[in-house]
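Student: Got a structure for you, model-v6.cif, holding mmCIF, C-alpha atoms.
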data_input
#
loop_
_atom_site.label_atom_id
_atom_site.label_comp_id
_atom_site.auth_asym_id
_atom_site.auth_seq_id
_atom_site.Cartn_x
_atom_site.Cartn_y
_atom_site.Cartn_z
CA MET R 1 26.88 -53.39 20.51
CA THR R 2 23.58 -53.48 18.60
CA ASN R 3 22.74 -51.01 15.83
CA VAL R 4 19.94 -49.57 17.98
CA THR R 5 22.34 -48.89 20.84
CA ALA R 6 24.88 -47.32 18.49
CA ILE R 7 22.24 -45.03 16.99
CA SER R 8 21.01 -44.07 20.46
CA GLN R 9 24.53 -43.22 21.61
CA ALA R 10 25.18 -41.20 18.45
CA GLN R 11 21.98 -39.21 19.01
CA GLU R 12 22.91 -38.63 22.64
CA SER R 13 26.38 -37.43 21.64
CA LYS R 14 24.88 -35.08 19.05
CA SER R 15 22.45 -33.67 21.61
CA VAL R 16 25.26 -33.05 24.12
CA ASP R 17 27.32 -31.33 21.42
CA THR R 18 24.34 -29.14 20.43
CA LEU R 19 23.75 -28.05 24.04
CA MET R 20 27.44 -27.29 24.57
CA ARG R 21 27.56 -25.10 21.46
CA ILE R 22 24.40 -23.25 22.50
CA ARG R 23 25.86 -22.61 25.98
CA THR R 24 29.09 -21.30 24.44
CA ILE R 25 27.20 -18.84 22.21
CA LEU R 26 25.03 -17.61 25.09
CA ASP R 27 28.04 -17.29 27.44
CA SER R 28 29.87 -15.21 24.81
CA LYS R 29 26.91 -12.78 24.71
CA GLU R 30 26.86 -12.99 20.90
CA VAL R 31 23.16 -13.82 21.15
CA SER R 32 20.88 -13.29 24.14
CA ALA R 33 18.73 -16.09 25.52
CA SER R 34 15.59 -14.12 24.70
CA GLN R 35 16.70 -13.61 21.09
CA LEU R 36 17.58 -17.30 20.74
CA ALA R 37 14.16 -18.26 22.10
CA LYS R 38 12.44 -15.88 19.71
CA GLU R 39 14.33 -17.21 16.68
CA MET R 40 13.48 -20.78 17.70
CA SER R 41 9.82 -19.98 18.54
CA VAL R 42 10.05 -21.34 22.09
CA SER R 43 9.88 -19.62 25.48
CA PRO R 44 13.05 -18.35 27.22
CA ALA R 45 12.04 -20.45 30.23
CA THR R 46 12.17 -23.60 28.12
CA ILE R 47 15.67 -22.77 26.88
CA SER R 48 16.83 -22.11 30.44
CA GLN R 49 15.34 -25.33 31.82
CA ILE R 50 16.88 -27.49 29.08
CA LEU R 51 20.31 -25.99 29.57
CA LYS R 52 20.03 -26.53 33.34
CA GLY R 53 18.76 -30.07 32.88
CA SER R 54 15.51 -29.35 34.72
CA TYR R 55 13.09 -29.61 31.77
CA LYS R 56 10.44 -32.17 32.74
CA ALA R 57 9.14 -33.13 29.28
CA ASP R 58 10.91 -34.81 26.36
CA THR R 59 13.71 -32.54 25.12
CA THR R 60 14.13 -34.17 21.70
CA LYS R 61 12.12 -31.68 19.63
CA ILE R 62 13.61 -28.61 21.33
CA ILE R 63 17.17 -29.88 20.87
CA GLU R 64 16.33 -30.56 17.21
CA LYS R 65 15.27 -26.91 16.92
CA MET R 66 18.55 -25.86 18.52
CA ALA R 67 20.49 -27.96 16.01
CA LYS R 68 18.59 -26.40 13.08
CA TRP R 69 19.26 -22.93 14.51
CA LEU R 70 22.99 -23.71 14.71
CA THR R 71 23.00 -25.00 11.12
CA LEU R 72 21.36 -21.82 9.81
CA ARG R 73 23.81 -19.72 11.83
CA GLU R 74 26.75 -21.59 10.29
CA GLN R 75 25.35 -21.07 6.79
CA LYS R 76 25.08 -17.34 7.40
CA ASN R 77 28.63 -17.17 8.77
CA ASN R 78 30.06 -19.23 5.90
CA ALA R 79 28.36 -17.12 3.26
CA PRO R 80 28.55 -13.63 4.75
CA ILE R 81 26.47 -10.90 3.21
CA THR R 82 28.38 -7.63 3.35
CA ASN R 83 25.18 -5.71 3.84
CA PRO R 84 26.10 -2.17 4.93
CA GLY R 85 22.72 -1.71 6.58
CA PHE R 86 20.95 1.63 6.37
CA VAL R 87 22.31 3.97 3.68
CA MET R 88 21.68 7.71 3.93
CA THR R 89 20.46 8.29 0.39
CA THR R 90 19.16 11.60 -0.94
CA THR R 91 15.59 10.36 -0.52
CA ALA R 92 16.25 9.06 3.00
CA LYS R 93 17.71 12.45 3.96
CA GLN R 94 14.58 14.22 2.66
CA ILE R 95 12.29 11.88 4.59
CA ILE R 96 14.30 12.20 7.80
CA ASN R 97 14.28 16.01 7.45
CA ASP R 98 10.50 15.89 7.00
CA MET R 99 10.07 13.77 10.12
CA THR R 100 12.36 16.09 12.06
CA TYR R 101 10.24 19.03 10.96
CA ALA R 102 7.02 17.25 12.02
CA GLN R 103 8.40 16.46 15.48
CA ILE R 104 9.95 19.87 16.13
CA SER R 105 7.05 21.93 14.77
CA GLU R 106 4.35 19.62 16.20
CA SER R 107 2.79 19.32 12.76
CA ILE R 108 1.29 16.76 10.40
CA VAL R 109 3.44 15.71 7.44
CA VAL R 110 2.39 13.41 4.61
CA ILE R 111 4.96 11.36 2.71
CA TYR R 112 3.52 9.48 -0.23
CA GLY R 113 4.44 7.90 -3.54
CA ALA R 114 5.90 4.84 -5.17
CA SER R 115 6.61 1.60 -3.35
CA GLY R 116 10.20 0.57 -2.74
CA VAL R 117 11.86 4.00 -2.68
CA GLY R 118 13.16 3.63 0.89
CA LYS R 119 10.39 5.24 2.95
CA SER R 120 10.13 2.49 5.57
CA GLU R 121 13.91 2.17 5.96
CA ALA R 122 14.21 5.92 6.62
CA ILE R 123 11.40 5.72 9.20
CA ARG R 124 13.16 2.90 11.06
CA GLU R 125 16.44 4.82 11.07
CA TYR R 126 14.78 7.96 12.41
CA LYS R 127 13.11 5.95 15.18
CA ARG R 128 16.43 4.26 16.02
CA THR R 129 18.22 7.59 16.41
CA ASN R 130 15.56 9.68 18.16
CA ASN R 131 13.57 9.54 21.38
CA ASN R 132 9.79 9.27 21.65
CA VAL R 133 9.19 8.09 18.10
CA TRP R 134 6.36 5.59 17.75
CA HIS R 135 5.92 3.74 14.47
CA ILE R 136 2.93 1.61 13.54
CA THR R 137 1.85 0.07 10.25
CA ALA R 138 -1.78 0.06 9.14
CA SER R 139 -3.18 -2.93 7.28
CA PRO R 140 -6.59 -4.26 6.23
CA SER R 141 -6.98 -5.90 9.65
CA ARG R 142 -5.79 -2.78 11.50
CA SER R 143 -7.57 -0.08 9.51
CA SER R 144 -10.60 0.55 11.71
CA LEU R 145 -10.52 3.26 14.36
CA THR R 146 -10.41 0.81 17.29
CA GLU R 147 -7.72 -1.41 15.75
CA CYS R 148 -5.53 1.53 14.76
CA LEU R 149 -5.75 3.03 18.25
CA TYR R 150 -5.02 -0.33 19.86
CA GLU R 151 -1.97 -0.82 17.62
CA LEU R 152 -0.72 2.60 18.71
CA ALA R 153 -1.35 1.73 22.36
CA MET R 154 0.77 -1.42 21.98
CA GLU R 155 3.57 0.61 20.39
CA LEU R 156 3.38 3.01 23.33
CA GLY R 157 3.93 0.08 25.68
CA MET R 158 0.40 0.10 27.05
CA ASP R 159 -0.09 -3.66 27.23
CA ASP R 160 -3.16 -3.33 29.46
CA ALA R 161 -4.89 -0.82 27.17
CA PRO R 162 -8.72 -1.03 26.99
CA ARG R 163 -10.34 -2.26 23.79
CA ARG R 164 -13.19 0.28 23.59
CA LYS R 165 -12.33 3.19 21.29
CA GLY R 166 -13.46 5.95 23.66
CA GLN R 167 -11.36 4.68 26.54
CA LEU R 168 -8.46 3.89 24.18
CA SER R 169 -8.46 7.41 22.83
CA ARG R 170 -8.36 8.94 26.31
CA VAL R 171 -5.51 6.79 27.65
CA ILE R 172 -3.46 7.35 24.49
CA ARG R 173 -3.98 11.11 24.73
CA ASN R 174 -2.81 11.08 28.36
CA ARG R 175 0.27 9.12 27.36
CA LEU R 176 1.17 11.44 24.47
CA GLN R 177 0.44 14.73 26.25
CA GLY R 178 3.69 16.63 26.85
CA SER R 179 5.86 13.91 25.27
CA GLU R 180 7.08 16.10 22.37
CA GLY R 181 7.05 12.85 20.44
CA LEU R 182 6.34 11.76 16.90
CA VAL R 183 3.76 9.21 15.74
CA VAL R 184 4.48 7.69 12.33
CA ILE R 185 1.80 5.65 10.58
CA ASP R 186 3.06 3.62 7.63
CA GLU R 187 0.69 2.22 4.97
CA ALA R 188 -1.74 4.97 5.98
CA ASP R 189 -3.62 4.51 2.71
CA HIS R 190 -5.53 1.72 4.51
CA LEU R 191 -7.10 4.18 6.97
CA ASP R 192 -10.65 5.47 6.52
CA TYR R 193 -11.90 8.99 7.17
CA PRO R 194 -13.09 8.52 10.80
CA THR R 195 -9.68 7.09 11.74
CA LEU R 196 -7.80 9.90 10.01
CA GLU R 197 -10.03 12.48 11.68
CA GLU R 198 -9.45 10.91 15.12
CA LEU R 199 -5.69 11.02 14.52
CA ARG R 200 -5.90 14.68 13.47
CA ILE R 201 -7.74 15.64 16.65
CA MET R 202 -5.33 13.59 18.75
CA GLN R 203 -2.37 15.36 17.16
CA GLU R 204 -3.84 18.79 17.83
CA GLU R 205 -4.81 18.04 21.42
CA THR R 206 -1.49 16.48 22.43
CA GLY R 207 0.91 18.67 20.47
CA ILE R 208 2.86 15.75 19.03
CA GLY R 209 4.23 15.51 15.52
CA MET R 210 2.56 13.09 13.13
CA VAL R 211 3.68 11.59 9.83
CA LEU R 212 1.35 9.68 7.52
CA VAL R 213 3.20 7.51 5.02
CA GLY R 214 1.93 5.43 2.13
CA ASN R 215 1.29 5.22 -1.59
CA ASN R 216 -0.39 7.84 -3.75
CA LYS R 217 -3.76 6.82 -2.32
CA VAL R 218 -2.81 8.57 0.94
CA TYR R 219 -2.85 11.92 -0.81
CA THR R 220 -6.16 11.08 -2.49
CA GLN R 221 -7.60 9.97 0.86
CA LEU R 222 -6.64 13.21 2.55
CA THR R 223 -8.09 15.36 -0.20
CA GLY R 224 -11.15 13.17 -0.53
CA GLY R 225 -10.32 13.09 -4.21
CA ARG R 226 -12.50 16.18 -4.53
CA ARG R 227 -11.63 18.37 -1.54
CA ASN R 228 -15.07 18.02 0.05
CA GLU R 229 -15.73 19.94 3.24
CA ASP R 230 -14.88 17.12 5.64
CA PHE R 231 -11.57 16.22 4.02
CA ALA R 232 -10.72 19.88 3.47
CA ARG R 233 -10.67 20.32 7.26
CA LEU R 234 -8.14 17.52 7.50
CA PHE R 235 -6.15 18.62 4.47
CA SER R 236 -5.77 22.16 5.83
CA ARG R 237 -3.95 20.77 8.90
CA ILE R 238 -1.18 19.20 6.81
CA ALA R 239 1.91 21.36 7.16
CA LYS R 240 4.09 19.62 4.61
CA LYS R 241 3.70 17.10 1.79
CA ARG R 242 6.43 15.01 0.19
CA GLY R 243 5.70 13.11 -3.02
CA ILE R 244 8.32 10.52 -4.05
CA HIS R 245 7.31 8.94 -7.33
CA LYS R 246 10.38 7.05 -8.50
CA THR R 247 13.82 5.87 -7.40
CA LYS R 248 16.55 8.47 -7.77
CA GLN R 249 19.78 7.49 -9.53
CA ALA R 250 21.65 9.34 -6.79
CA ASP R 251 20.12 6.90 -4.28
CA VAL R 252 21.38 3.93 -6.30
CA LYS R 253 24.88 5.43 -6.48
CA ALA R 254 24.92 5.95 -2.72
CA ILE R 255 23.91 2.31 -2.19
CA ALA R 256 26.60 1.16 -4.64
CA GLU R 257 29.21 3.10 -2.67
CA ALA R 258 28.03 1.57 0.59
CA TRP R 259 28.31 -1.93 -0.89
CA GLY R 260 31.77 -1.20 -2.31
CA ILE R 261 30.60 -1.44 -5.92
CA HIS R 262 32.55 1.05 -8.03
CA GLN R 263 32.54 -0.27 -11.60
CA GLU R 264 30.30 1.39 -14.17
CA ALA R 265 28.85 -1.88 -15.52
CA GLU R 266 27.63 -3.00 -12.09
CA ARG R 267 26.17 0.43 -11.34
CA LYS R 268 24.25 0.50 -14.62
CA THR R 269 22.79 -2.90 -13.82
CA MET R 270 21.81 -1.65 -10.35
CA ILE R 271 20.07 1.37 -11.86
CA ASN R 272 18.20 -0.86 -14.31
CA ILE R 273 17.05 -3.11 -11.46
CA SER R 274 15.95 -0.12 -9.37
CA GLU R 275 13.70 1.06 -12.19
CA ARG R 276 11.63 -2.12 -11.96
CA PRO R 277 8.54 -2.34 -9.72
CA GLY R 278 9.73 -2.44 -6.11
CA GLY R 279 12.68 -0.14 -6.77
CA LEU R 280 15.22 -0.11 -3.98
CA ARG R 281 13.52 -3.01 -2.19
CA LEU R 282 14.12 -5.24 -5.22
CA LEU R 283 17.66 -3.90 -5.53
CA SER R 284 18.37 -4.71 -1.88
CA LYS R 285 17.14 -8.29 -2.31
CA THR R 286 19.27 -8.66 -5.45
CA LEU R 287 22.40 -7.35 -3.72
CA LYS R 288 21.96 -9.74 -0.79
CA LEU R 289 21.58 -12.72 -3.11
CA ALA R 290 24.49 -11.53 -5.28
CA ALA R 291 26.66 -11.33 -2.15
CA MET R 292 25.79 -14.95 -1.39
CA PHE R 293 26.72 -15.93 -4.95
CA ALA R 294 29.99 -14.00 -4.64
CA ASN R 295 30.78 -15.92 -1.41
CA GLY R 296 33.04 -13.26 0.07
CA SER R 297 34.41 -11.97 -3.23
CA THR R 298 33.53 -8.67 -4.89
CA ILE R 299 30.05 -8.45 -6.39
CA THR R 300 30.37 -8.37 -10.17
CA ASP R 301 27.96 -7.55 -12.96
CA LYS R 302 27.72 -11.29 -13.62
CA THR R 303 26.69 -12.12 -10.04
CA LEU R 304 24.25 -9.21 -9.99
CA ARG R 305 22.57 -10.40 -13.18
CA ALA R 306 22.50 -14.00 -11.96
CA ALA R 307 20.89 -12.95 -8.68
CA PHE R 308 18.33 -10.77 -10.42
CA GLN R 309 17.52 -13.56 -12.88
CA GLU R 310 16.92 -16.01 -10.05
CA LEU R 311 14.63 -13.59 -8.21
CA GLU R 312 12.72 -12.90 -11.42
CA THR R 313 12.36 -16.64 -12.10
CA ASN R 314 10.90 -17.14 -8.64
CA GLU R 315 8.27 -14.44 -9.11
#
Turn the structure described in the file into structure tokens.
Tutor:
Amino acid sequence: MTNVTAISQAQESKSVDTLMRIRTILDSKEVSASQLAKEMSVSPATISQILKGSYKADTTKIIEKMAKWLTLREQKNNAPITNPGFVMTTTAKQIINDMTYAQISESIVVIYGASGVGKSEAIREYKRTNNNVWHITASPSRSSLTECLYELAMELGMDDAPRRKGQLSRVIRNRLQGSEGLVVIDEADHLDYPTLEELRIMQEETGIGMVLVGNNKVYTQLTGGRRNEDFARLFSRIAKKRGIHKTKQADVKAIAEAWGIHQEAERKTMINISERPGGLRLLSKTLKLAAMFANGSTITDKTLRAAFQELETNE
């Protein structure tokens, strides 16, 4: 047997093994075919055709992607991160209560303040546990009136929405009318006055709740920085305002409990980390890396500090 033949047979054997393992995972329902396709950046149809043996093109690159996906999955399973997921902190409870108020009272609520205090996590949890909650995130590319409305239309499931702002506004209003829903706009500090004014009118005409979330600039935007007549009209419609300017120690303690961290030294380190820029977001990243360092053992002050040091070095 030549070396070329041996290599070819080894590659063929590896490909067969990869396909068998993928089939086993899909058959067990641990991962859906659509999720697998998404994580591999290929179409579900391609996955299906390869597994059925009906794929017409060369399968080498796709099977290589499958093998890489399996390797990453094994690494995650061998170094489990005991991430408890969402933690109902004091701040999260306040935010969720504010969103509940906005939806029930059909009002506008503004939540603003420091980055990394858990605003976005609380929004996602509220959406997960309630009906008719639509969450979009503004950005420099989605800050204009048309782009913001189109982003909302996509979130509402209106894939065939028009791209002209007048038509967009009308179809979105029709969709929201009578829904008793809640529209949440994160990073709302990117929005300009015409967009904010359009959202205000939409909220009033449809009777939905609306929550604008972002940094301190959101509050400045809504007041115009000087309460001029135009912004005063918008500001007067805000039923409730929630300023969150730093991470609460009670939030850190709740997260420590959720992660099973009970020693005082570890908790002090967690509080120190949370007081850095990024707050709870930085703490979450540190805990996940510390869990990898601990490799299934209890997270210690040493692993916390090592994880934080590595993240700081990479900045």
Student: Counting only C-alpha atoms, give me one row per residue of stretch 149-249 of chain R with an atom at most 8 Å from an atom of stretch 126-144 of chain R, showing the shortest contact pair and its distance in Å to one decimal, sorted by chain then residue number, as a tab-separated table.
Tutor:
residue	atom	partner	partner_atom	distance
R:Glu151	CA	R:Ile136	CA	6.8
R:Leu152	CA	R:Ile136	CA	6.4
R:Glu155	CA	R:Trp134	CA	6.3
R:Leu156	CA	R:Trp134	CA	6.8
R:Ser179	CA	R:Asn132	CA	7.1
R:Glu180	CA	R:Asn132	CA	7.4
R:Gly181	CA	R:Asn132	CA	4.7
R:Leu182	CA	R:Val133	CA	4.8
R:Val183	CA	R:Trp134	CA	4.9
R:Val184	CA	R:His135	CA	4.7
R:Ile185	CA	R:Ile136	CA	5.1
R:Asp186	CA	R:Thr137	CA	4.6
R:Glu187	CA	R:Ala138	CA	5.3
R:Ala188	CA	R:Ala138	CA	5.8
R:His190	CA	R:Ser143	CA	5.7
R:Leu191	CA	R:Ser143	CA	5.0
R:Asp192	CA	R:Ser143	CA	7.0
R:Thr195	CA	R:Ser144	CA	6.6
Student: Please indicate the distance in Å from atom CA of R:Ser120 to atom CA of R:Lys248, rounded to one decimal place.
Tutor: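 Interatomic distance, atom CA of R:Ser120 to atom CA of R:Lys248: 16.0 Å.
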Student: Between R:Asn215, R:Ser105, R:Ser297, R:Gln263, which has the minimum distance to R:Ile238 (counting all atoms listed in the file)?
Tutor: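 Of the candidates, the smallest distance to R:Ile238 is held by R:Ser105.
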Student: Within 10 Å of R:Thr59, counting only C-alpha atoms, which residues qualify if same-chain residues fewer than 6 places away don't, as a VMD selection string?
Tutor: chain R and resid 15 46 49 to 50 53
Student: May I have the protein, DNA and RNA residues with any atom at most 12 Å from the point (-2.0, 27.2, 9.6), counting all atoms listed in the file, written as a ChimeraX atom specification?
Tutor: /R:105-108,204,233-240
Student: Could you give me, as a PyMOL selection string, the residues within 10 Å of R:Leu311, counting all atoms listed in the file and dropping anything in the same chain fewer than 4 positions from it?
Tutor: chain R and resi 282+285-286+289+305-307+315
Student: Just to confirm, what's the straight-line distance from atom CA of R:Tyr219 to atom CA of R:Asp98 in Å (one decimal)?
Tutor: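 Separation between atom CA of R:Tyr219 and atom CA of R:Asp98: 16.0 Å.
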Student: What does the distance between atom CA of R:Lys119 and atom CA of R:Trp259 come to in Å, to one decimal place?
Tutor: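 Answer for the atom CA of R:Lys119 to atom CA of R:Trp259 separation: 19.7 Å.
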Student: Which of these, R:Ser274, R:Met66, R:Gly207, R:Thr269, has the shortest distance to R:Thr303 once you count all atoms listed in the file?
Tutor: R:Thr269
Student: Residues at most 12 Å from R:Glu205, counting all atoms listed in the file, excluding those fewer than 4 positions away in the same chain, as a tab-separated table (two decimals) with C-alpha atoms, in the frame of the given file?
Tutor:
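part.tsv, freshly written:
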chain	number	residue	atom	x	y	z
R	106	GLU	CA	4.35	19.62	16.20
R	107	SER	CA	2.79	19.32	12.76
R	169	SER	CA	-8.46	7.41	22.83
R	170	ARG	CA	-8.36	8.94	26.31
R	172	ILE	CA	-3.46	7.35	24.49
R	173	ARG	CA	-3.98	11.11	24.73
R	174	ASN	CA	-2.81	11.08	28.36
R	175	ARG	CA	0.27	9.12	27.36
R	176	LEU	CA	1.17	11.44	24.47
R	177	GLN	CA	0.44	14.73	26.25
R	178	GLY	CA	3.69	16.63	26.85
R	198	GLU	CA	-9.45	10.91	15.12
R	199	LEU	CA	-5.69	11.02	14.52
R	200	ARG	CA	-5.90	14.68	13.47
R	201	ILE	CA	-7.74	15.64	16.65
R	209	GLY	CA	4.23	15.51	15.52
Student: Name the residues in contact with R:Lys93 at a cut-off of 12 Å, using only C-alpha atoms, excluding same-chain residues fewer than 4 positions from it; report them as a PDB file with C-alpha atoms, in the frame of the given file.
Tutor:
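Heads up, here's the output in out27.pdb:
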ATOM      1  CA  PHE R  86      20.950   1.630   6.370  1.00  0.00           C
ATOM      2  CA  VAL R  87      22.310   3.970   3.680  1.00  0.00           C
ATOM      3  CA  MET R  88      21.680   7.710   3.930  1.00  0.00           C
ATOM      4  CA  THR R  89      20.460   8.290   0.390  1.00  0.00           C
ATOM      5  CA  ASN R  97      14.280  16.010   7.450  1.00  0.00           C
ATOM      6  CA  ASP R  98      10.500  15.890   7.000  1.00  0.00           C
ATOM      7  CA  MET R  99      10.070  13.770  10.120  1.00  0.00           C
ATOM      8  CA  THR R 100      12.360  16.090  12.060  1.00  0.00           C
ATOM      9  CA  GLY R 118      13.160   3.630   0.890  1.00  0.00           C
ATOM     10  CA  LYS R 119      10.390   5.240   2.950  1.00  0.00           C
ATOM     11  CA  GLU R 121      13.910   2.170   5.960  1.00  0.00           C
ATOM     12  CA  ALA R 122      14.210   5.920   6.620  1.00  0.00           C
ATOM     13  CA  ILE R 123      11.400   5.720   9.200  1.00  0.00           C
ATOM     14  CA  GLU R 125      16.440   4.820  11.070  1.00  0.00           C
ATOM     15  CA  TYR R 126      14.780   7.960  12.410  1.00  0.00           C
ATOM     16  CA  ALA R 250      21.650   9.340  -6.790  1.00  0.00           C
ATOM     17  CA  ASP R 251      20.120   6.900  -4.280  1.00  0.00           C
ATOM     18  CA  ALA R 254      24.920   5.950  -2.720  1.00  0.00           C
TER      19      ALA R 254
END
Student: Closest to R:Ala291 among R:Ile96, R:Ile261, R:Ile104, R:Ile208, using all atoms listed in the file?
Tutor: R:Ile261
